[in-house]
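Source file: data31.txt. Holds: compact mmCIF, C-alpha atoms and all ligand atoms.
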```txt
# COMPACT_ATOMS: atom_id res chain seq x y z
CA MET A 1 -66.32 73.43 -21.45
CA THR A 2 -62.81 73.12 -20.04
CA ASN A 3 -60.34 75.82 -20.93
CA TYR A 4 -57.31 73.61 -21.59
CA SER A 5 -54.84 76.47 -21.67
CA GLU A 6 -55.68 77.07 -18.01
CA THR A 7 -55.51 73.45 -16.94
CA ILE A 8 -52.22 72.42 -18.57
CA VAL A 9 -49.52 72.61 -15.90
CA ASN A 10 -46.06 73.90 -16.78
CA PRO A 11 -43.83 71.80 -14.45
CA ASN A 12 -41.04 74.41 -14.55
CA LYS A 13 -43.44 77.10 -13.30
CA ALA A 14 -45.08 74.74 -10.79
CA LEU A 15 -41.68 73.83 -9.30
CA TRP A 16 -40.81 77.44 -8.47
CA GLU A 17 -44.31 78.48 -7.38
CA LYS A 18 -44.54 75.43 -5.09
CA GLY A 19 -42.31 76.87 -2.41
CA ASP A 20 -41.32 80.35 -1.35
CA PHE A 21 -37.87 81.11 -2.68
CA THR A 22 -37.82 84.46 -0.81
CA GLN A 23 -36.94 82.44 2.33
CA ILE A 24 -33.70 81.23 0.71
CA ALA A 25 -33.03 84.53 -1.07
CA ALA A 26 -32.80 86.23 2.33
CA PHE A 27 -29.40 84.48 2.69
CA MET A 28 -28.25 85.65 -0.76
CA ARG A 29 -28.43 89.45 -0.59
CA GLN A 30 -24.73 90.16 0.10
CA SER A 31 -23.34 88.10 -2.76
CA GLY A 32 -26.11 89.39 -5.06
CA GLU A 33 -24.96 92.94 -4.32
CA ALA A 34 -21.29 91.99 -4.82
CA ILE A 35 -22.04 90.58 -8.28
CA VAL A 36 -23.92 93.75 -9.25
CA ASP A 37 -21.05 95.92 -7.90
CA SER A 38 -18.65 94.08 -10.20
CA LEU A 39 -20.63 94.88 -13.35
CA GLY A 40 -20.04 98.63 -13.74
CA VAL A 41 -23.73 99.45 -14.18
CA THR A 42 -24.52 103.09 -15.01
CA PRO A 43 -27.80 105.05 -14.87
CA GLN A 44 -28.03 105.16 -18.69
CA MET A 45 -28.27 101.39 -18.95
CA LYS A 46 -31.32 99.22 -19.61
CA VAL A 47 -30.96 95.93 -17.76
CA LEU A 48 -32.95 92.69 -17.85
CA ASP A 49 -32.66 90.43 -14.79
CA LEU A 50 -33.82 87.01 -16.00
CA GLY A 51 -35.12 84.50 -13.44
CA SER A 52 -34.99 87.44 -11.09
CA GLY A 53 -36.78 85.85 -8.13
CA ASP A 54 -37.71 88.58 -5.65
CA GLY A 55 -34.85 90.82 -6.76
CA THR A 56 -31.61 89.70 -5.08
CA THR A 57 -29.71 91.29 -7.99
CA ALA A 58 -32.51 93.37 -9.58
CA VAL A 59 -32.85 95.62 -6.49
CA PRO A 60 -29.13 96.55 -6.34
CA LEU A 61 -29.12 96.95 -10.15
CA ALA A 62 -31.93 99.51 -9.80
CA ARG A 63 -30.17 101.22 -6.88
CA SER A 64 -27.30 101.91 -9.28
CA GLY A 65 -29.77 103.97 -11.31
CA ALA A 66 -30.29 101.70 -14.33
CA GLU A 67 -33.73 101.04 -15.83
CA VAL A 68 -34.37 97.45 -14.70
CA VAL A 69 -36.93 94.80 -15.67
CA GLY A 70 -37.04 91.54 -13.73
CA ILE A 71 -38.65 88.62 -15.54
CA ASP A 72 -39.52 85.45 -13.65
CA ILE A 73 -41.74 82.45 -14.31
CA ALA A 74 -43.12 82.30 -10.74
CA ARG A 75 -46.06 84.58 -10.09
CA ASN A 76 -45.49 84.67 -6.31
CA LEU A 77 -41.88 85.83 -6.79
CA VAL A 78 -42.91 88.54 -9.27
CA GLU A 79 -45.37 89.82 -6.66
CA ALA A 80 -42.70 89.67 -3.92
CA GLY A 81 -40.26 91.54 -6.18
CA ASN A 82 -42.73 94.30 -6.96
CA LYS A 83 -43.43 94.68 -3.21
CA ARG A 84 -39.69 95.01 -2.50
CA ALA A 85 -39.31 97.58 -5.31
CA ALA A 86 -42.22 99.63 -3.95
CA ALA A 87 -40.92 99.43 -0.36
CA ALA A 88 -37.51 100.66 -1.56
CA GLY A 89 -39.11 103.47 -3.62
CA LEU A 90 -37.45 102.15 -6.79
CA ARG A 91 -39.59 103.45 -9.65
CA ASN A 92 -36.96 102.31 -12.18
CA LEU A 93 -37.59 98.64 -11.33
CA LYS A 94 -40.51 96.45 -12.36
CA PHE A 95 -41.00 92.70 -12.23
CA GLN A 96 -43.16 90.77 -14.67
CA GLU A 97 -44.06 87.18 -15.38
CA GLY A 98 -42.30 85.55 -18.31
CA ASP A 99 -40.42 82.48 -19.48
CA ALA A 100 -36.72 82.58 -20.35
CA CYS A 101 -37.40 79.98 -23.10
CA ASN A 102 -39.62 82.45 -24.94
CA LEU A 103 -39.37 86.14 -24.10
CA GLU A 104 -42.40 87.02 -26.21
CA GLY A 105 -43.31 90.66 -25.92
CA VAL A 106 -39.68 91.68 -25.29
CA ALA A 107 -38.32 93.64 -28.27
CA ASP A 108 -35.14 92.64 -30.11
CA HIS A 109 -31.94 94.38 -28.91
CA ALA A 110 -33.76 96.15 -26.05
CA PHE A 111 -31.14 95.76 -23.26
CA ASP A 112 -27.51 96.74 -22.62
CA LEU A 113 -27.11 94.00 -20.05
CA ILE A 114 -28.86 90.70 -19.33
CA LEU A 115 -28.07 89.33 -15.88
CA SER A 116 -29.23 85.88 -14.84
CA VAL A 117 -27.88 84.59 -11.54
CA PHE A 118 -29.03 80.99 -10.99
CA GLY A 119 -32.16 81.92 -12.96
CA ALA A 120 -32.25 81.10 -16.70
CA MET A 121 -30.24 77.94 -15.97
CA PHE A 122 -33.47 76.43 -14.59
CA ALA A 123 -35.50 76.93 -17.81
CA PRO A 124 -36.06 73.62 -19.63
CA LYS A 125 -34.99 74.56 -23.19
CA PRO A 126 -31.39 75.82 -22.93
CA PHE A 127 -30.84 76.41 -26.67
CA ASP A 128 -33.98 78.59 -26.81
CA VAL A 129 -32.83 80.44 -23.68
CA ALA A 130 -29.44 81.28 -25.24
CA LYS A 131 -31.14 82.41 -28.46
CA GLU A 132 -33.62 84.61 -26.60
CA MET A 133 -30.95 86.21 -24.40
CA VAL A 134 -28.89 87.05 -27.50
CA ARG A 135 -31.97 88.35 -29.35
CA VAL A 136 -32.95 90.87 -26.66
CA THR A 137 -29.39 92.20 -26.08
CA LYS A 138 -28.15 95.29 -27.93
CA SER A 139 -25.13 95.07 -30.19
CA GLY A 140 -22.21 96.08 -27.93
CA GLY A 141 -24.11 94.79 -24.89
CA ARG A 142 -23.41 91.90 -22.49
CA ILE A 143 -24.97 88.78 -21.05
CA VAL A 144 -23.77 87.66 -17.61
CA MET A 145 -24.93 84.37 -16.09
CA GLY A 146 -24.19 82.69 -12.76
CA ASN A 147 -24.64 78.91 -13.06
CA TRP A 148 -24.13 76.07 -10.59
CA ILE A 149 -21.61 73.42 -11.60
CA PRO A 150 -22.48 69.70 -11.70
CA ASN A 151 -20.56 67.41 -9.31
CA ASP A 152 -18.86 70.36 -7.69
CA PRO A 153 -18.08 69.51 -4.03
CA THR A 154 -19.52 72.79 -2.68
CA PHE A 155 -22.93 73.46 -1.16
CA VAL A 156 -25.63 74.02 -3.80
CA SER A 157 -24.35 71.40 -6.22
CA GLN A 158 -24.39 68.91 -3.33
CA VAL A 159 -27.87 69.97 -2.11
CA LEU A 160 -29.21 69.36 -5.63
CA LYS A 161 -27.32 66.07 -5.92
CA ILE A 162 -28.62 64.79 -2.57
CA SER A 163 -32.15 66.01 -3.38
CA SER A 164 -32.19 64.27 -6.77
CA ALA A 165 -30.99 60.99 -5.21
CA PHE A 166 -34.24 60.94 -3.17
CA THR A 167 -36.51 62.08 -6.05
CA PRO A 168 -37.99 59.84 -8.80
CA PRO A 169 -36.05 60.11 -12.09
CA PRO A 170 -37.09 63.03 -14.32
CA PRO A 171 -39.10 62.42 -17.51
CA GLU A 172 -37.24 61.32 -20.65
CA GLY A 173 -35.71 64.20 -22.55
CA PHE A 174 -35.24 66.31 -19.40
CA VAL A 175 -32.06 68.39 -19.64
CA SER A 176 -30.41 68.94 -16.26
CA PRO A 177 -30.11 72.65 -15.35
CA MET A 178 -26.61 71.83 -14.09
CA THR A 179 -25.40 71.40 -17.69
CA TRP A 180 -25.32 75.24 -17.76
CA GLY A 181 -22.22 74.91 -15.56
CA VAL A 182 -20.29 72.90 -18.18
CA GLU A 183 -18.01 74.71 -20.64
CA SER A 184 -18.82 72.56 -23.71
CA HIS A 185 -22.59 73.05 -23.26
CA ILE A 186 -22.27 76.79 -22.68
CA ILE A 187 -20.16 77.21 -25.83
CA GLU A 188 -22.50 75.05 -27.91
CA ARG A 189 -25.65 76.87 -26.76
CA PHE A 190 -24.31 80.37 -27.40
CA GLY A 191 -22.63 79.08 -30.57
CA GLN A 192 -26.01 78.02 -31.97
CA ALA A 193 -27.27 81.50 -31.09
CA GLY A 194 -24.50 82.94 -33.29
CA VAL A 195 -21.89 83.84 -30.64
CA PRO A 196 -18.26 82.83 -31.41
CA ARG A 197 -16.14 81.20 -28.68
CA GLU A 198 -13.83 84.20 -28.27
CA LYS A 199 -16.76 86.36 -27.13
CA ILE A 200 -17.47 84.08 -24.16
CA SER A 201 -15.55 84.16 -20.89
CA LEU A 202 -15.90 81.49 -18.21
CA VAL A 203 -14.57 82.00 -14.70
CA LYS A 204 -15.25 80.11 -11.49
CA ASP A 205 -16.39 82.37 -8.66
CA THR A 206 -17.71 81.97 -5.09
CA TYR A 207 -21.17 82.85 -3.79
CA TYR A 208 -21.88 83.07 -0.03
CA PHE A 209 -25.11 82.13 1.74
CA ALA A 210 -25.06 84.26 4.86
CA SER A 211 -27.16 84.88 7.94
CA PRO A 212 -25.92 86.32 11.23
CA ASP A 213 -28.52 84.51 13.38
CA LYS A 214 -29.89 81.45 11.52
CA THR A 215 -27.95 78.22 12.09
CA PRO A 216 -27.02 75.84 9.24
CA THR A 217 -29.70 73.42 10.52
CA GLU A 218 -32.33 76.17 10.32
CA PHE A 219 -31.07 76.99 6.82
CA ILE A 220 -31.63 73.36 5.76
CA GLN A 221 -35.13 73.41 7.28
CA LEU A 222 -35.88 76.39 5.02
CA PHE A 223 -34.70 74.37 1.99
CA GLU A 224 -36.94 71.46 3.03
CA THR A 225 -39.96 73.71 3.56
CA PHE A 226 -39.61 76.35 0.81
CA TYR A 227 -37.16 75.32 -1.97
CA GLY A 228 -39.04 73.47 -4.78
CA PRO A 229 -36.35 70.89 -5.71
CA THR A 230 -35.73 69.95 -2.05
CA MET A 231 -39.48 69.96 -1.24
CA ASN A 232 -39.99 67.37 -4.01
CA ALA A 233 -37.22 65.23 -2.51
CA VAL A 234 -38.82 65.50 0.96
CA ASP A 235 -42.24 64.50 -0.46
CA ALA A 236 -40.73 61.42 -2.14
CA ALA A 237 -38.56 60.50 0.88
CA GLN A 238 -41.57 60.71 3.22
CA LYS A 239 -43.44 58.20 1.04
CA ASN A 240 -40.70 55.57 1.40
CA GLY A 241 -39.66 56.27 4.98
CA LYS A 242 -36.39 58.01 4.06
CA ALA A 243 -37.14 61.56 5.21
CA ALA A 244 -34.81 61.36 8.23
CA GLU A 245 -31.96 60.03 6.06
CA LEU A 246 -32.41 62.91 3.61
CA HIS A 247 -32.60 65.46 6.45
CA ASN A 248 -29.43 64.11 8.10
CA GLN A 249 -27.45 64.18 4.84
CA LEU A 250 -28.46 67.79 4.19
CA VAL A 251 -27.74 68.93 7.77
CA ASP A 252 -24.33 67.19 7.76
CA LEU A 253 -23.50 68.92 4.49
CA ALA A 254 -24.49 72.39 5.76
CA ILE A 255 -22.67 72.00 9.08
CA SER A 256 -19.49 70.68 7.43
CA GLN A 257 -19.42 73.57 4.93
CA ASN A 258 -20.32 76.36 7.36
CA LYS A 259 -17.51 78.90 7.86
CA SER A 260 -19.29 81.09 10.44
CA LYS A 261 -17.40 81.40 13.72
CA ASP A 262 -20.57 82.00 15.79
CA VAL A 263 -24.21 80.84 15.70
CA GLY A 264 -24.90 82.04 12.17
CA THR A 265 -24.43 80.67 8.68
CA LEU A 266 -21.72 81.51 6.16
CA ILE A 267 -21.58 78.86 3.46
CA PRO A 268 -19.53 79.35 0.27
CA ALA A 269 -20.57 77.78 -3.03
CA THR A 270 -18.63 77.71 -6.29
CA PHE A 271 -20.38 78.78 -9.49
CA MET A 272 -19.53 79.36 -13.14
CA ARG A 273 -19.62 83.01 -14.10
CA VAL A 274 -20.36 83.32 -17.81
CA ALA A 275 -19.88 86.64 -19.63
CA VAL A 276 -20.87 87.02 -23.26
CA ALA A 277 -19.90 90.16 -25.21
CA LEU A 278 -22.16 90.96 -28.18
C1 LIG A 301 -32.55 79.82 -7.63
S1 LIG A 301 -33.77 81.03 -7.97
C2 LIG A 301 -32.76 82.49 -8.18
C3 LIG A 301 -33.54 83.79 -8.08
C4 LIG A 301 -32.70 85.08 -8.17
N1 LIG A 301 -31.98 85.20 -9.42
C5 LIG A 301 -31.74 85.21 -6.99
O1 LIG A 301 -30.53 85.25 -7.22
O2 LIG A 301 -32.24 85.30 -5.87
C6 LIG A 301 -34.25 80.59 -9.62
C7 LIG A 301 -35.26 81.53 -10.22
O3 LIG A 301 -35.43 81.24 -11.62
C8 LIG A 301 -36.81 81.32 -11.93
N2 LIG A 301 -37.07 80.53 -13.13
C9 LIG A 301 -37.03 79.18 -13.27
N3 LIG A 301 -37.35 78.84 -14.52
C10 LIG A 301 -37.59 79.99 -15.22
C11 LIG A 301 -37.96 80.29 -16.55
N4 LIG A 301 -38.20 79.33 -17.45
N5 LIG A 301 -38.12 81.59 -16.92
C12 LIG A 301 -37.92 82.59 -16.01
N6 LIG A 301 -37.59 82.35 -14.72
C13 LIG A 301 -37.41 81.08 -14.32
C14 LIG A 301 -37.47 80.77 -10.67
O4 LIG A 301 -38.83 81.11 -10.59
C15 LIG A 301 -36.62 81.41 -9.57
O5 LIG A 301 -37.07 82.68 -9.21
```
Once you've parsed the file, please lay out its structure as structure tokens.
Ligand SMILES: C[S@@+](CC[C@H](N)C(=O)[O-])C[C@H]1O[C@@H](n2cnc3c(N)ncnc32)[C@H](O)[C@@H]1O
Amino acid sequence: MTNYSETIVNPNKALWEKGDFTQIAAFMRQSGEAIVDSLGVTPQMKVLDLGSGDGTTAVPLARSGAEVVGIDIARNLVEAGNKRAAAAGLRNLKFQEGDACNLEGVADHAFDLILSVFGAMFAPKPFDVAKEMVRVTKSGGRIVMGNWIPNDPTFVSQVLKISSAFTPPPPEGFVSPMTWGVESHIIERFGQAGVPREKISLVKDTYYFASPDKTPTEFIQLFETFYGPTMNAVDAAQKNGKAAELHNQLVDLAISQNKSKDVGTLIPATFMRVAVAL
């Protein structure tokens, strides 16, 4: 007999397990640390990093002494995170598999801080995500999200826009992750979770993708080979003979936005920083 629970594919999980996000995350460590530095984390705190990947922010959170749990839907990234935590000797950091839409097994009001940098925004049920983040945060605690902004002219928004132009349309009812970068949606989602407008702050901030020795073209090749949303665009473009067109658009974008003065990559990208006080 078939065990259906094992054969049903969760497309959200499949998308992030398809590639190897650690290859992109290697460019994200500096800005991840800068965000953590700005949060005033203390050793007494319990912190949940949601959509933690391999620990771009969870590792520096743990270095500040807090008790940190990273939850991510992708099994390969949970494994990579636990390897990084072990290599760094961080016994106060563990990664586990879970879904931001339903944090079953996580107790109510368990954390002082929920941090989700370009993580929970990719979960398919945004109202459930807001409700779950509020549920697991202590009274007096905080939720901080970093979310990409739709139609923004900077790098990631444009990579996702170009990628989606080469990908078949999503199924009906699909809610774009980019809506997490729009004020009205953010307010509505946290509002339904019981958070009044005055408890929510929204500020645009800049994230940097940085590498001293990888060129912008090499950076794009990593997106094409390892980043789920771009890999899907490449697969579709290859089928209709448009792979070179897609590649050229992405390379032009990366080169035009690169601020590095030598061979490396330094690409800024604007994001919406959301802070919710509970
Ligand atoms: C763009 S990556 C960012 C990873 C990490 N926060 C960082 O800054 O390097 C998005 C992450 O969100 C995770 N993710 C996507 N959907 C999720 C969900 N429903 N629940 C938990 N994690 C999810 C992906 O597996 C991936 O690790």
Mind running chain A against ligand LIG 301 (chain A) at 8 Å and telling me each contacting residue's nearest atom pair with the distance in Å (one decimal), counting all atoms listed in the file, chain and number ascending, as CSV?
```
residue,atom,partner,partner_atom,distance
A:Asn12,CA,A:LIG301,N3,5.8
A:Lys13,CA,A:LIG301,N3,6.5
A:Leu15,CA,A:LIG301,O4,7.9
A:Trp16,CA,A:LIG301,O4,4.7
A:Glu17,CA,A:LIG301,O4,6.9
A:Phe21,CA,A:LIG301,S1,6.7
A:Thr22,CA,A:LIG301,O2,7.6
A:Ile24,CA,A:LIG301,O2,7.9
A:Ala25,CA,A:LIG301,O2,4.9
A:Met28,CA,A:LIG301,O2,6.5
A:Arg29,CA,A:LIG301,O2,7.7
A:Gly32,CA,A:LIG301,O1,6.4
A:Asp49,CA,A:LIG301,N1,7.5
A:Leu50,CA,A:LIG301,C12,6.0
A:Gly51,CA,A:LIG301,N6,3.5
A:Ser52,CA,A:LIG301,N1,4.1
A:Gly53,CA,A:LIG301,O5,3.4
A:Asp54,CA,A:LIG301,O2,6.4
A:Gly55,CA,A:LIG301,O2,6.2
A:Thr56,CA,A:LIG301,O2,4.5
A:Thr57,CA,A:LIG301,O1,6.1
A:Ile71,CA,A:LIG301,C12,6.1
A:Asp72,CA,A:LIG301,N6,3.8
A:Ile73,CA,A:LIG301,N6,4.2
A:Ala74,CA,A:LIG301,O4,4.5
A:Leu77,CA,A:LIG301,O5,6.2
A:Glu97,CA,A:LIG301,C12,7.7
A:Gly98,CA,A:LIG301,C12,5.8
A:Asp99,CA,A:LIG301,N5,3.6
A:Ala100,CA,A:LIG301,N5,3.8
A:Cys101,CA,A:LIG301,N4,5.7
A:Ser116,CA,A:LIG301,N1,6.1
A:Val117,CA,A:LIG301,N1,4.7
A:Phe118,CA,A:LIG301,C2,4.9
A:Gly119,CA,A:LIG301,O3,3.6
A:Ala120,CA,A:LIG301,C10,5.7
A:Met121,CA,A:LIG301,N3,7.3
A:Phe122,CA,A:LIG301,N3,4.6
A:Ala123,CA,A:LIG301,N4,3.6
A:Pro124,CA,A:LIG301,N4,6.5
```
Separation of atom CA of Ala88 of chain A from atom CA of His109 of chain A in Å: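 Atom-to-atom, atom CA of His109 of chain A to atom CA of Ala88 of chain A, that is 28.6 Å.
Note that the spacing between atom CA of Gln257 of chain A and atom CA of Glu33 of chain A amounts to 22.2 Å.
For segment 195-198 of chain A, the residues within 10 Å (counting only C-alpha atoms, excluding itself and residues fewer than 2 positions away along the chain) are Ala130, Lys131, Val134, Ile186, Ile187, Glu188, Arg189, Phe190, Gly191, Gln192, Ala193, Ile200, Ser201, Val276, Ala277 and Leu278 of chain A.
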For Val106 of chain A, list every protein, DNA or RNA residue within 10 Å, evaluated using only C-alpha atoms, and leave out those in the same chain fewer than 3 positions away; present the list as a PyMOL selection string. chain A and resi 98+102-103+109-111+132+135-136
Please measure the separation of atom CA of Ser184 of chain A and atom CA of Ala58 of chain A, giving the value in Å to one decimal. 28.6 Å
Would you be able to write out as a PyMOL selection string which residues have an atom within 12 Å of (-38.1, 62.8, 6.2) in the file's coordinates, counting only C-alpha atoms? chain A and resi 163+166+221+224-225+230-250
